[in-house]
Amino acid sequence: MVTPNPEHALLTQLLAGCRQQDRASQRQLYLRHYAYALSICLRYLHDQDASQEAVNDGFLKVFQELPRFDAERFPDLAGSLRGWVRRIMVRTAIDHFRARNRHAFQVELEAVPAPPDSSGSPLDTLSFEELLRLIGHLPPAYRTVFNLFVIDGYSHEEIADQLGISVGASKSNLFKARAQLKLLLKHQQHHAYAGYVR
């Protein structure tokens, strides 16, 4: 006999209320996911006010698209909902980023350097928090592509489509982001830089 999961039951009830546009349910869902959504938007926008605006826009989309989210399909409802919210927040943050940085991707290398060896990088030795702090120092275009590719797992084709740039521009911005992160590690005399000079 399967033991009922109280979290699953609570989320199912909460989502049902949101689908009926019950304000209390919507507020509860918003509060449960606000910090998570804000952390995603901050990675892309790097500005508290702009990120909060993106979070609010993202939640409007969550509530609008919720009828398409089939809660019955997922045994891990909490994890699936979190992943679904994440995708919406990434898309919304990117929309805000593009509106604020229309010319961020104008410069593009003619020849894209070969991607670095994927067997590992000194960046892999950083904690997630250290990596996020370093990413925050990157120019907006580099930061956005790095976030999409490395943190959120999008392909260069998907990034190009979302940002309205070429695949080559996506690869170029990622290469430049990694090079700049290497320089930041060197400048900060971070232990991870030793991995580049072996």
# chains A, B, ... in the order shown; residues from 1 in each chain; ligands from 1
>>> residues_around(residues="Asn5 of chain A", least_positions_apart="6", cutoff="12 Å", atoms="only C-alpha atoms", output="PDB file with N, CA and C atoms, in the first residue's frame")
ATOM      1  N   LEU A  11       0.282  20.327  -2.377  1.00  0.00           N
ATOM      2  CA  LEU A  11       0.567  20.990  -3.646  1.00  0.00           C
ATOM      3  C   LEU A  11      -0.562  20.792  -4.654  1.00  0.00           C
ATOM      4  N   THR A  12      -1.117  19.586  -4.689  1.00  0.00           N
ATOM      5  CA  THR A  12      -2.233  19.301  -5.592  1.00  0.00           C
ATOM      6  C   THR A  12      -3.403  20.228  -5.279  1.00  0.00           C
ATOM      7  N   PRO A  75       5.160  11.860 -10.496  1.00  0.00           N
ATOM      8  CA  PRO A  75       5.197  11.291  -9.153  1.00  0.00           C
ATOM      9  C   PRO A  75       5.873  12.249  -8.167  1.00  0.00           C
ATOM     10  N   ASP A  76       6.902  12.981  -8.643  1.00  0.00           N
ATOM     11  CA  ASP A  76       7.568  13.978  -7.801  1.00  0.00           C
ATOM     12  C   ASP A  76       7.011  15.346  -8.189  1.00  0.00           C
ATOM     13  N   LEU A  77       5.843  15.655  -7.683  1.00  0.00           N
ATOM     14  CA  LEU A  77       5.152  16.882  -8.063  1.00  0.00           C
ATOM     15  C   LEU A  77       5.952  18.117  -7.673  1.00  0.00           C
ATOM     16  N   ALA A  78       6.520  18.128  -6.464  1.00  0.00           N
ATOM     17  CA  ALA A  78       7.270  19.305  -5.993  1.00  0.00           C
ATOM     18  C   ALA A  78       8.465  19.583  -6.908  1.00  0.00           C
TER      19      ALA A  78
END
>>> residues_around(residues="Ala50 of chain A", least_positions_apart="4", cutoff="12 Å", atoms="only C-alpha atoms", output="PyMOL selection string")
chain A and resi 38+41-46+54-57+92-97+99-100
>>> closest_residue(among="A:Ile159, A:Ile165, A:Ala16, A:Ala37", to="Ala71 of chain A", atoms="only C-alpha atoms")
A:Ala16
>>> residues_around(residues="Leu138 of chain A", least_positions_apart="5", cutoff="10 Å", atoms="only C-alpha atoms", output="PyMOL selection string")
chain A and resi 133+143-144+146+176-178+180-181+184
>>> atom_distance(atom1="atom CA of Asp161 of chain A", atom2="atom CA of Tyr36 of chain A")
24.9 Å
>>> residues_around(residues="Phe74 of chain A", least_positions_apart="4", cutoff="12 Å", atoms="only C-alpha atoms", output="list in words")
His8, Leu11, Thr12, Phe69, Asp70, Ala78, Gly79, Ser80, Leu81, Arg82, Gly83 and Trp84 of chain A
>>> residues_around(residues="His156 of chain A", least_positions_apart="3", cutoff="10 Å", atoms="only C-alpha atoms", output="PyMOL selection string")
chain A and resi 145+148-149+153+159-162+165-171+174
>>> closest_residue(among="A:Gln52, A:Ala141, A:Leu10, A:Glu157", to="Asn101 of chain A", atoms="only C-alpha atoms")
A:Ala141
>>> atom_distance(atom1="atom CA of Leu66 of chain A", atom2="atom CA of Arg86 of chain A")
13.5 Å
>>> atom_distance(atom1="atom CA of Tyr142 of chain A", atom2="atom CA of Asn173 of chain A")
5.1 Å
>>> residues_around(residues="segment 19-26 of chain A", least_positions_apart="6", cutoff="9 Å", atoms="only C-alpha atoms", output="CSV table (one decimal) with N, CA and C atoms, in the first residue's frame")
chain,number,residue,atom,x,y,z
A,13,GLN,N,-3.7,20.4,-4.0
A,13,GLN,CA,-4.8,21.3,-3.6
A,13,GLN,C,-4.5,22.7,-3.9
A,63,PHE,N,0.7,31.5,-13.6
A,63,PHE,CA,-0.7,31.4,-13.3
A,63,PHE,C,-1.5,31.3,-14.6
A,64,GLN,N,-1.0,31.9,-15.7
A,64,GLN,CA,-1.7,31.8,-17.0
A,64,GLN,C,-1.5,30.4,-17.6
A,66,LEU,N,-0.7,27.6,-16.0
A,66,LEU,CA,-0.9,26.5,-15.0
A,66,LEU,C,-1.9,25.5,-15.6
A,67,PRO,N,-3.0,25.9,-16.3
A,67,PRO,CA,-3.9,24.8,-16.8
A,67,PRO,C,-3.1,23.8,-17.7
